[in-house]
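Text of model-v6.txt, listed as compact mmCIF, C-alpha atoms:
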```
# COMPACT_ATOMS: atom_id res chain seq x y z
CA MET A 1 -72.67 -46.92 5.37
CA ASN A 2 -72.69 -49.58 2.64
CA SER A 3 -69.69 -51.20 1.06
CA LYS A 4 -69.96 -49.05 -2.06
CA LYS A 5 -69.51 -45.84 -0.10
CA LEU A 6 -66.55 -47.35 1.77
CA ILE A 7 -64.87 -48.16 -1.50
CA VAL A 8 -65.38 -44.59 -2.73
CA LEU A 9 -63.98 -43.11 0.48
CA ALA A 10 -61.00 -45.44 0.39
CA GLY A 11 -60.28 -44.41 -3.18
CA ALA A 12 -60.47 -40.73 -2.30
CA ALA A 13 -58.10 -41.24 0.59
CA ALA A 14 -55.66 -43.00 -1.67
CA VAL A 15 -55.76 -40.07 -4.09
CA LEU A 16 -55.08 -37.59 -1.30
CA VAL A 17 -52.11 -39.63 -0.09
CA GLY A 18 -50.74 -39.75 -3.61
CA LEU A 19 -51.10 -35.98 -4.04
CA ALA A 20 -49.34 -35.36 -0.74
CA TYR A 21 -46.45 -37.58 -1.81
CA LEU A 22 -46.08 -35.81 -5.15
CA SER A 23 -46.21 -32.43 -3.44
CA GLY A 24 -43.42 -33.49 -1.11
CA GLN A 25 -41.35 -34.65 -4.04
CA ARG A 26 -41.77 -31.31 -5.77
CA ASN A 27 -40.67 -29.49 -2.62
CA ALA A 28 -37.58 -31.71 -2.47
CA VAL A 29 -36.63 -30.59 -5.97
CA ARG A 30 -36.96 -26.91 -5.06
CA THR A 31 -34.69 -27.36 -2.05
CA PRO A 32 -32.05 -29.98 -2.98
CA ALA A 33 -30.15 -31.95 -0.41
CA ALA A 34 -26.90 -30.11 -1.32
CA HIS A 35 -28.27 -26.72 -0.28
CA GLY A 36 -26.24 -25.32 2.61
CA ARG A 37 -23.57 -28.02 2.43
CA LYS A 38 -19.89 -27.46 1.71
CA LEU A 39 -18.88 -27.90 -1.91
CA PHE A 40 -15.55 -29.42 -0.88
CA PRO A 41 -16.22 -31.24 2.40
CA GLU A 42 -13.12 -33.45 2.12
CA LEU A 43 -10.63 -30.72 1.20
CA ASP A 44 -7.54 -30.82 3.42
CA VAL A 45 -6.10 -27.30 3.20
CA SER A 46 -2.80 -28.44 4.70
CA LYS A 47 -2.10 -30.45 1.53
CA VAL A 48 -2.58 -27.52 -0.87
CA ALA A 49 0.79 -26.84 -2.53
CA ALA A 50 -0.24 -25.23 -5.81
CA ILE A 51 -3.03 -23.00 -7.11
CA GLU A 52 -3.98 -22.49 -10.74
CA ILE A 53 -6.52 -19.99 -12.05
CA ALA A 54 -7.24 -20.34 -15.77
CA ARG A 55 -9.07 -17.43 -17.38
CA PRO A 56 -11.29 -17.68 -20.46
CA SER A 57 -8.70 -15.57 -22.31
CA GLY A 58 -6.15 -18.35 -21.94
CA GLU A 59 -4.06 -16.57 -19.30
CA THR A 60 -3.19 -18.62 -16.24
CA LEU A 61 -2.19 -17.39 -12.80
CA ALA A 62 -0.05 -20.05 -11.15
CA LEU A 63 1.16 -20.11 -7.55
CA ALA A 64 3.35 -22.77 -5.97
CA ALA A 65 4.86 -23.49 -2.57
CA ASP A 66 8.42 -24.63 -1.93
CA ASP A 67 10.86 -24.55 0.96
CA ALA A 68 11.26 -20.78 0.58
CA GLY A 69 7.51 -20.12 0.60
CA TRP A 70 4.78 -19.35 -1.93
CA THR A 71 5.69 -17.67 -5.22
CA ILE A 72 3.73 -16.41 -8.24
CA ASP A 73 4.80 -17.79 -11.59
CA SER A 74 3.26 -14.98 -13.66
CA LEU A 75 5.29 -12.49 -11.58
CA HIS A 76 8.50 -14.41 -12.34
CA GLY A 77 8.75 -15.99 -8.90
CA TYR A 78 7.84 -12.93 -6.84
CA PRO A 79 6.73 -13.90 -3.30
CA ALA A 80 3.02 -14.39 -2.73
CA ASP A 81 1.30 -12.96 0.32
CA LEU A 82 0.78 -15.84 2.75
CA VAL A 83 -2.14 -14.06 4.40
CA LYS A 84 -3.96 -13.78 1.07
CA ILE A 85 -3.14 -17.42 0.26
CA ARG A 86 -4.70 -18.52 3.52
CA GLU A 87 -7.78 -16.32 3.09
CA ASN A 88 -8.55 -17.53 -0.43
CA VAL A 89 -7.94 -21.23 0.26
CA LEU A 90 -10.09 -21.15 3.40
CA LYS A 91 -12.78 -19.34 1.43
CA LEU A 92 -12.96 -22.29 -0.96
CA ALA A 93 -12.86 -24.81 1.87
CA ASP A 94 -15.84 -23.15 3.57
CA LEU A 95 -17.83 -22.41 0.39
CA LYS A 96 -21.39 -23.75 0.64
CA ALA A 97 -23.89 -24.58 -2.06
CA GLY A 98 -26.77 -22.19 -2.50
CA HIS A 99 -29.82 -22.54 -4.71
CA GLU A 100 -29.36 -24.83 -7.67
CA THR A 101 -29.95 -23.19 -11.06
CA PRO A 102 -30.40 -26.00 -13.62
CA ASP A 103 -31.19 -23.58 -16.45
CA ARG A 104 -27.93 -21.64 -15.98
CA ALA A 105 -25.16 -22.41 -18.50
CA MET A 106 -21.46 -22.08 -17.57
CA ALA A 107 -20.08 -20.71 -20.84
CA GLY A 108 -16.41 -19.66 -20.73
CA PRO A 109 -15.88 -19.94 -16.97
CA THR A 110 -12.76 -19.13 -14.97
CA THR A 111 -11.45 -22.39 -13.50
CA VAL A 112 -9.74 -22.58 -10.11
CA ARG A 113 -7.73 -25.68 -9.19
CA LEU A 114 -6.07 -26.54 -5.89
CA LYS A 115 -3.35 -29.18 -6.16
CA ASP A 116 -1.11 -31.10 -3.79
CA ALA A 117 2.67 -31.41 -4.01
CA ALA A 118 2.35 -34.32 -6.47
CA GLY A 119 0.14 -32.33 -8.83
CA GLN A 120 -3.09 -34.13 -7.95
CA ILE A 121 -6.23 -31.99 -8.01
CA LEU A 122 -7.70 -31.53 -4.54
CA ALA A 123 -10.52 -29.18 -5.57
CA GLU A 124 -11.74 -27.69 -8.83
CA LEU A 125 -14.32 -24.94 -9.18
CA ALA A 126 -15.71 -23.25 -12.28
CA LEU A 127 -16.67 -19.60 -11.80
CA GLY A 128 -19.51 -18.21 -13.88
CA GLU A 129 -21.14 -14.81 -13.85
CA GLN A 130 -21.49 -12.76 -10.70
CA HIS A 131 -24.97 -12.28 -9.32
CA LEU A 132 -25.99 -8.63 -8.95
CA ARG A 133 -28.21 -7.58 -6.12
CA LYS A 134 -31.27 -5.70 -7.35
CA PRO A 135 -31.57 -2.01 -6.41
CA SER A 136 -33.69 -1.35 -3.35
CA ASP A 137 -36.97 0.55 -3.52
CA ASP A 138 -35.34 3.38 -1.54
CA MET A 139 -32.61 3.83 -4.18
CA PRO A 140 -34.13 2.72 -7.49
CA GLY A 141 -31.74 4.81 -9.57
CA PHE A 142 -28.63 2.96 -8.40
CA GLY A 143 -27.51 -0.31 -9.96
CA GLY A 144 -27.02 -3.51 -8.05
CA TYR A 145 -23.73 -4.73 -6.64
CA PRO A 146 -22.23 -8.26 -6.74
CA ASP A 147 -23.48 -10.39 -3.86
CA GLY A 148 -23.01 -13.90 -5.24
CA ARG A 149 -21.56 -16.10 -7.97
CA TYR A 150 -22.75 -18.97 -10.15
CA VAL A 151 -20.35 -21.88 -9.68
CA ALA A 152 -19.99 -25.54 -10.59
CA VAL A 153 -17.82 -28.16 -8.94
CA GLY A 154 -15.35 -29.77 -11.34
CA GLY A 155 -16.70 -32.93 -12.96
CA LYS A 156 -20.33 -32.15 -12.06
CA ASP A 157 -23.12 -30.52 -14.02
CA ALA A 158 -24.98 -28.87 -11.14
CA VAL A 159 -24.72 -25.06 -11.05
CA TYR A 160 -25.21 -23.32 -7.71
CA LEU A 161 -25.58 -19.72 -6.70
CA VAL A 162 -23.24 -19.09 -3.75
CA ASP A 163 -23.43 -16.06 -1.48
CA ASP A 164 -19.90 -14.78 -2.26
CA ALA A 165 -18.89 -12.92 -5.43
CA LEU A 166 -15.43 -14.59 -5.22
CA ALA A 167 -13.78 -11.61 -6.93
CA SER A 168 -10.40 -12.53 -5.42
CA LEU A 169 -10.42 -15.78 -7.46
CA ASP A 170 -10.64 -14.11 -10.87
CA GLY A 171 -6.90 -14.46 -11.51
CA ASP A 172 -5.55 -10.98 -10.68
CA ALA A 173 -2.05 -11.17 -9.20
CA SER A 174 -2.83 -8.29 -6.83
CA ASP A 175 -5.26 -10.60 -5.00
CA TRP A 176 -2.39 -12.93 -4.12
CA ALA A 177 0.64 -10.66 -3.58
CA ASP A 178 1.57 -7.57 -1.60
CA MET A 179 1.84 -5.03 -4.43
CA GLN A 180 3.71 -2.46 -2.31
CA ILE A 181 7.45 -2.10 -2.81
CA PRO A 182 9.44 -2.40 0.45
CA SER A 183 10.32 1.05 1.75
CA PRO A 184 12.97 2.39 4.18
CA ALA A 185 11.86 2.66 7.78
CA GLY A 186 13.01 4.27 10.98
CA SER A 187 14.86 7.28 9.58
CA THR A 188 14.47 10.47 7.56
CA ILE A 189 15.95 11.71 4.29
CA GLN A 190 18.78 14.22 4.64
CA ALA A 191 20.00 14.63 1.05
CA VAL A 192 18.88 13.76 -2.48
CA GLU A 193 20.79 13.53 -5.76
CA ILE A 194 19.02 13.14 -9.11
CA SER A 195 20.78 12.52 -12.42
CA ASN A 196 18.30 12.84 -15.26
CA ALA A 197 19.09 13.22 -18.96
CA GLY A 198 22.59 14.53 -18.25
CA ALA A 199 21.43 17.12 -15.71
CA ASP A 200 22.44 16.70 -12.07
CA LEU A 201 20.39 18.03 -9.19
CA ALA A 202 21.53 18.02 -5.55
CA LEU A 203 19.36 18.92 -2.57
CA VAL A 204 20.03 19.04 1.16
CA LYS A 205 17.70 19.36 4.10
CA THR A 206 18.72 21.94 6.70
CA ASN A 207 16.60 22.70 9.77
CA GLY A 208 13.70 20.87 8.17
CA ALA A 209 13.79 22.85 4.90
CA TRP A 210 14.88 21.58 1.48
CA THR A 211 17.13 23.61 -0.80
CA VAL A 212 19.27 22.96 -3.85
CA THR A 213 22.98 23.27 -3.22
CA ASP A 214 23.45 25.84 -6.00
CA LEU A 215 20.53 28.16 -5.22
CA GLY A 216 21.20 31.62 -6.67
CA ALA A 217 20.66 34.95 -4.93
CA ASP A 218 17.69 35.74 -7.18
CA GLU A 219 16.08 32.28 -6.75
CA GLU A 220 13.94 30.55 -4.16
CA MET A 221 12.50 27.08 -3.60
CA ASP A 222 8.98 26.35 -4.75
CA SER A 223 7.50 25.16 -1.46
CA GLY A 224 4.41 23.77 -3.16
CA LYS A 225 6.46 21.10 -4.93
CA LEU A 226 8.80 19.99 -2.14
CA TYR A 227 6.37 17.74 -0.27
CA SER A 228 7.17 14.74 -2.48
CA LEU A 229 10.86 14.69 -1.48
CA ASP A 230 10.24 13.36 2.03
CA SER A 231 7.86 10.60 0.92
CA ALA A 232 9.35 9.62 -2.43
CA LEU A 233 10.35 6.14 -1.22
CA SER A 234 7.22 5.49 0.82
CA TYR A 235 4.01 3.73 -0.25
CA LEU A 236 5.31 2.79 -3.69
CA ARG A 237 3.11 0.31 -5.54
CA PHE A 238 3.98 -1.75 -8.60
CA ASN A 239 1.86 -3.20 -11.38
CA GLY A 240 4.09 -6.10 -12.35
CA ILE A 241 7.57 -7.62 -12.45
CA ALA A 242 9.75 -7.35 -15.56
CA ALA A 243 10.98 -10.55 -17.14
CA PRO A 244 14.56 -11.32 -16.01
CA ALA A 245 15.61 -11.90 -19.62
CA LEU A 246 14.96 -8.27 -20.62
CA THR A 247 18.10 -6.16 -21.07
CA ASP A 248 18.70 -2.77 -19.48
CA ASP A 249 18.36 -1.16 -22.91
CA ALA A 250 14.96 -2.77 -23.43
CA LEU A 251 13.86 -1.57 -19.99
CA GLY A 252 14.99 2.01 -20.63
CA PHE A 253 17.70 2.10 -17.96
CA ALA A 254 20.41 3.22 -20.40
CA THR A 255 18.70 6.62 -20.80
CA GLY A 256 16.80 6.68 -17.53
CA THR A 257 17.16 8.44 -14.19
CA VAL A 258 19.34 7.67 -11.17
CA TYR A 259 17.95 8.81 -7.81
CA ARG A 260 19.94 8.66 -4.55
CA ALA A 261 18.55 9.41 -1.11
CA VAL A 262 20.82 9.61 1.93
CA TYR A 263 19.07 8.93 5.23
CA ALA A 264 19.99 10.14 8.69
CA ASP A 265 21.27 6.70 9.69
CA GLY A 266 23.87 6.82 6.91
CA ILE A 267 22.11 4.39 4.56
CA THR A 268 21.88 5.38 0.90
CA TYR A 269 18.99 4.12 -1.23
CA THR A 270 19.63 4.21 -4.97
CA ALA A 271 16.74 3.92 -7.42
CA HIS A 272 17.07 3.44 -11.16
CA VAL A 273 14.05 4.51 -13.22
CA GLY A 274 13.83 3.42 -16.84
CA ALA A 275 12.92 5.88 -19.56
CA PRO A 276 9.55 5.43 -21.30
CA THR A 277 9.45 2.51 -23.74
CA THR A 278 7.19 1.77 -26.68
CA ASN A 279 5.95 -1.62 -25.46
CA SER A 280 4.41 -0.49 -22.15
CA GLN A 281 3.16 2.57 -20.32
CA ASP A 282 4.72 1.29 -17.10
CA ARG A 283 8.28 2.27 -16.20
CA ALA A 284 10.99 -0.09 -15.03
CA PHE A 285 12.15 0.54 -11.46
CA ARG A 286 14.97 -0.91 -9.36
CA ILE A 287 16.05 0.01 -5.87
CA ALA A 288 18.89 -1.10 -3.59
CA ALA A 289 20.45 0.03 -0.31
CA SER A 290 24.10 0.56 0.62
CA PHE A 291 26.03 1.65 3.70
CA ALA A 292 29.55 2.98 4.18
CA PRO A 293 30.44 3.42 7.87
CA THR A 294 31.66 6.91 8.70
CA GLY A 295 31.75 6.64 12.49
CA THR A 296 33.34 4.30 15.00
CA ASN A 297 30.16 3.17 16.76
CA ALA A 298 30.23 -0.55 16.00
CA ALA A 299 26.72 -1.17 17.32
CA GLU A 300 25.13 1.50 15.12
CA ASN A 301 27.09 0.31 12.10
CA ALA A 302 25.92 -3.26 12.68
CA VAL A 303 22.29 -2.15 12.86
CA ALA A 304 22.63 -0.24 9.58
CA GLU A 305 24.31 -3.17 7.84
CA THR A 306 21.51 -5.48 8.97
CA LYS A 307 18.88 -3.10 7.63
CA VAL A 308 20.68 -2.95 4.29
CA ALA A 309 20.86 -6.74 4.01
CA GLU A 310 17.18 -7.16 4.87
CA PHE A 311 16.06 -4.47 2.44
CA ASN A 312 18.11 -5.82 -0.46
CA GLY A 313 16.88 -9.33 0.28
CA LYS A 314 13.30 -8.15 -0.21
CA ALA A 315 13.57 -5.54 -2.94
CA GLY A 316 17.08 -5.54 -4.38
CA LYS A 317 16.74 -8.43 -6.85
CA TRP A 318 13.53 -7.36 -8.61
CA THR A 319 12.82 -5.08 -11.53
CA TYR A 320 9.44 -3.59 -10.78
CA LEU A 321 7.02 -2.09 -13.28
CA VAL A 322 5.49 1.09 -11.88
CA ALA A 323 2.93 3.59 -13.12
CA PRO A 324 4.17 6.81 -14.81
CA SER A 325 2.85 8.86 -11.88
CA THR A 326 5.11 6.88 -9.54
CA ALA A 327 8.13 7.34 -11.78
CA GLN A 328 7.63 11.13 -11.79
CA LYS A 329 8.60 11.29 -8.12
CA PHE A 330 12.16 10.36 -9.07
CA THR A 331 12.57 12.32 -12.31
CA LEU A 332 12.32 15.84 -10.91
CA ALA A 333 14.27 18.59 -12.69
CA ARG A 334 15.67 21.79 -11.23
CA THR A 335 12.91 23.81 -12.86
CA ASP A 336 10.35 21.72 -10.97
CA LEU A 337 11.66 22.87 -7.59
CA VAL A 338 13.26 26.30 -8.10
CA LYS A 339 11.59 29.53 -9.19
CA PRO A 340 12.70 33.19 -9.57
CA LYS A 341 12.58 35.10 -6.32
CA THR A 342 9.56 37.35 -6.01
CA LYS A 343 10.53 40.97 -5.22
CA PRO A 344 8.57 42.72 -2.47
CA GLU A 345 6.26 45.49 -3.71
CA THR A 346 8.15 48.16 -1.66
CA GLU A 347 11.37 47.52 -3.58
CA ALA A 348 10.43 49.37 -6.77
CA ALA A 349 13.09 50.71 -9.13
CA PRO A 350 14.23 54.34 -8.41
CA GLU A 351 13.16 55.57 -11.86
CA ALA A 352 9.71 54.11 -11.43
CA GLU A 353 9.40 55.63 -7.96
CA LEU A 354 10.35 59.11 -9.24
CA ALA A 355 7.87 58.88 -12.08
CA LYS A 356 5.18 57.85 -9.62
CA GLU A 357 5.94 60.86 -7.34
CA ALA A 358 5.88 63.28 -10.30
CA ALA A 359 2.53 61.96 -11.44
CA GLU A 360 1.03 62.36 -7.98
CA ALA A 361 2.49 65.91 -7.29
CA PRO A 362 -0.07 68.88 -7.39
CA HIS A 363 0.21 71.18 -10.46
CA ALA A 364 0.35 75.08 -10.18
CA GLU A 365 -2.73 76.83 -11.63
CA PRO A 366 -2.10 79.20 -14.60
CA ALA A 367 -2.30 82.98 -13.90
CA THR A 368 -5.50 84.96 -14.86
CA ASP A 369 -5.58 88.24 -16.85
CA GLU A 370 -6.22 90.33 -13.74
CA THR A 371 -3.39 88.87 -11.78
CA SER A 372 -1.04 89.11 -14.70
CA ALA A 373 -1.90 92.83 -15.33
CA ALA A 374 -1.48 93.92 -11.73
CA PRO A 375 1.95 95.34 -10.97
CA ALA A 376 4.05 93.37 -8.66
CA GLU A 377 4.14 94.79 -5.15
CA ALA A 378 7.57 95.87 -4.15
CA SER A 379 9.00 94.73 -0.95
CA PRO A 380 9.77 97.29 1.77
CA GLU A 381 13.42 96.81 1.25
CA THR A 382 13.20 97.67 -2.43
CA GLN A 383 10.81 100.66 -2.20
CA ALA A 384 12.57 103.99 -3.19
CA ALA A 385 12.61 106.91 -0.71
CA PRO A 386 10.27 109.88 -1.65
CA ALA A 387 11.93 112.78 -3.50
CA SER A 388 12.59 115.89 -1.36
CA THR A 389 11.04 119.30 -2.44
CA GLU A 390 13.28 121.45 -0.24
CA THR A 391 16.30 123.23 -1.70
CA ALA A 392 19.59 123.40 -0.07
CA PRO A 393 20.38 126.63 1.85
```

Go ahead and render the structure in this file as structure tokens.
Amino acid sequence: MNSKKLIVLAGAAAVLVGLAYLSGQRNAVRTPAAHGRKLFPELDVSKVAAIEIARPSGETLALAADDAGWTIDSLHGYPADLVKIRENVLKLADLKAGHETPDRAMAGPTTVRLKDAAGQILAELALGEQHLRKPSDDMPGFGGYPDGRYVAVGGKDAVYLVDDALASLDGDASDWADMQIPSPAGSTIQAVEISNAGADLALVKTNGAWTVTDLGADEEMDSGKLYSLDSALSYLRFNGIAAPALTDDALGFATGTVYRAVYADGITYTAHVGAPTTNSQDRAFRIAASFAPTGTNAAENAVAETKVAEFNGKAGKWTYLVAPSTAQKFTLARTDLVKPKTKPETEAAPEAELAKEAAEAPHAEPATDETSAAPAEASPETQAAPASTETAP
């Protein structure tokens, strides 16, 4: 092999090496070094003392921690759910970068910021559009569902597709608070009083059955509408908290409903439901507990008083905003529960019964010409004795 051929082979080898290097560089671009790594590797979750979620609309959901716990500013200081706080903060701490999408723009994102007690930003994440999973071949007619999100770390231009839709970080208060109103526990309702639009309604429960105290002799309870009485104070959800500055007139309490439920343990729960207002479909709702000892059992009275204090500490100081369907449970009228008594079919009026018998009685057939022309047959008793032909001697 001469020197000329060696030079050609060496040049070809150099070209191959160069192509291999360029190919490796291109592969490195397709799979960046950040792929699979945490977006916030230095985040110390124990230092998080405030959370802000700014929506594109300008609304901001703000949560802050103090000595009493976490509260939600947009709900006027209502307690946040510590379990949900922990879940969402840990979700950010463990969030890993997916595929980089350099051609993806982050227009109008929702911005999430975690801050420490001094107000310093510990982590900032911009949330873009959710990624929708494509329909499978087996179900082509069904649309995709969210299985990821386009995100960008604050202060950086890189946009990544992560494998979590992060719907709980969109700024909805229900993702950070327990939206269920505290309810009585450990007892059953024995009596209910409802004052609505000047009409008073009183019900008592006897042997497991509800009845109004003034039920008439020709009335009966509508059993199909009584089920809501036992569960009226259970599983109540609210949509928001009314601003403390709003007056009772503005909230509709002046013309609203007062609902009282007396439980078997002697505790009375009083709910005030505001009348409909023009500025919201939701209805204002307040509830508080009270207890007046009627017996001499000091231990039982102490238990009841403790339950009252705990309940009022959780629910007594808030004015909830509830859906109209929830408010309807407490605005029942007498006509909703009482109906005219249905008379049994056998108890028909005497006149109607007589008319029915007359209509069903068989009718006598009219006499024919032959029967009418025939002389009536005399009875033996009425037949005359035959005339005698003999003369007297």

#### Entry: Between CA of Asp116 in chain A and CA of Val45 in chain A - distance in Å to one decimal
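Rounded to one decimal, the two atoms are 9.4 Å apart.
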
### Task
List the neighbours of range 150-165 of chain A out to 12 Å using only C-alpha atoms; skip same-chain residues closer than 2 positions along the sequence, and give me the result as a VMD selection string.
chain A and resid 31 to 32 34 to 41 88 91 to 92 94 to 114 121 to 133 145 to 148 167 to 170

### Task
Find the spatial neighbours of Gly240 in chain A, counting all atoms listed in the file, within a cut-off of 7 Å - ignore same-chain residues fewer than 2 positions away - and output them as number ranges by chain.
A: 75, 238, 242, 320-321

#### Entry: Atom-to-atom span, CA of Gly316 in chain A and CA of Ile241 in chain A, Å
12.6 Å

### Message
Just checking: using all atoms listed in the file, which residue out of A:Thr60, A:Gln328, A:Thr213, A:Ser183 ends up closest to Ala289 in chain A?
### Response
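Of all the options, A:Ser183 lies closest to Ala289 in chain A.
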
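In terms of minimum interatomic distance to Arg55 in chain A, A:Asp172 ranks closest within A:Gly77, A:Asp172, A:Ser290, A:Ala197, counting only C-alpha atoms.
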
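Proximity to Phe285 in chain A was assessed for A:Tyr235, A:Phe311, A:Trp176, A:Phe330 counting all atoms listed in the file; the smallest distance is recorded for A:Phe330.
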
### Selection: 9 Å around Lys84 in chain A, all atoms listed in the file, excl. self and same-chain fewer than 3 positions, as a list in words
Ala80, Asp81, Glu87, Asn88, Val89, Asp175, Trp176, Ala177 and Asp178 of chain A

### Message
Please compute the CA of Thr277 in chain A-CA of Asp336 in chain A distance, one decimal, in Å.
### Response
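The value is 23.1 Å.
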
#### Entry: Spatial neighbours of Gln190 in chain A, max dist 10 Å, only C-alpha atoms, sep filter under 3 positions, as number ranges by chain
A: 187, 203-206, 208-210, 230, 261-266

### Task
Would you mind telling me which residue in A:Gly198, A:Gly216, A:Gly224, A:Gly171 lies nearest to Ala254 in chain A when using only C-alpha atoms?
A:Gly198

## Note on the structure
Using all atoms listed in the file, the residue out of A:Arg237, A:Leu215, A:Met179, A:Glu300 with shortest distance to Ser325 in chain A is A:Arg237

### Message
Counting all atoms listed in the file, which residue out of A:Gln120, A:Ser228, A:Thr188, A:Thr211 sits closest to Ala327 in chain A?
### Response
A:Ser228
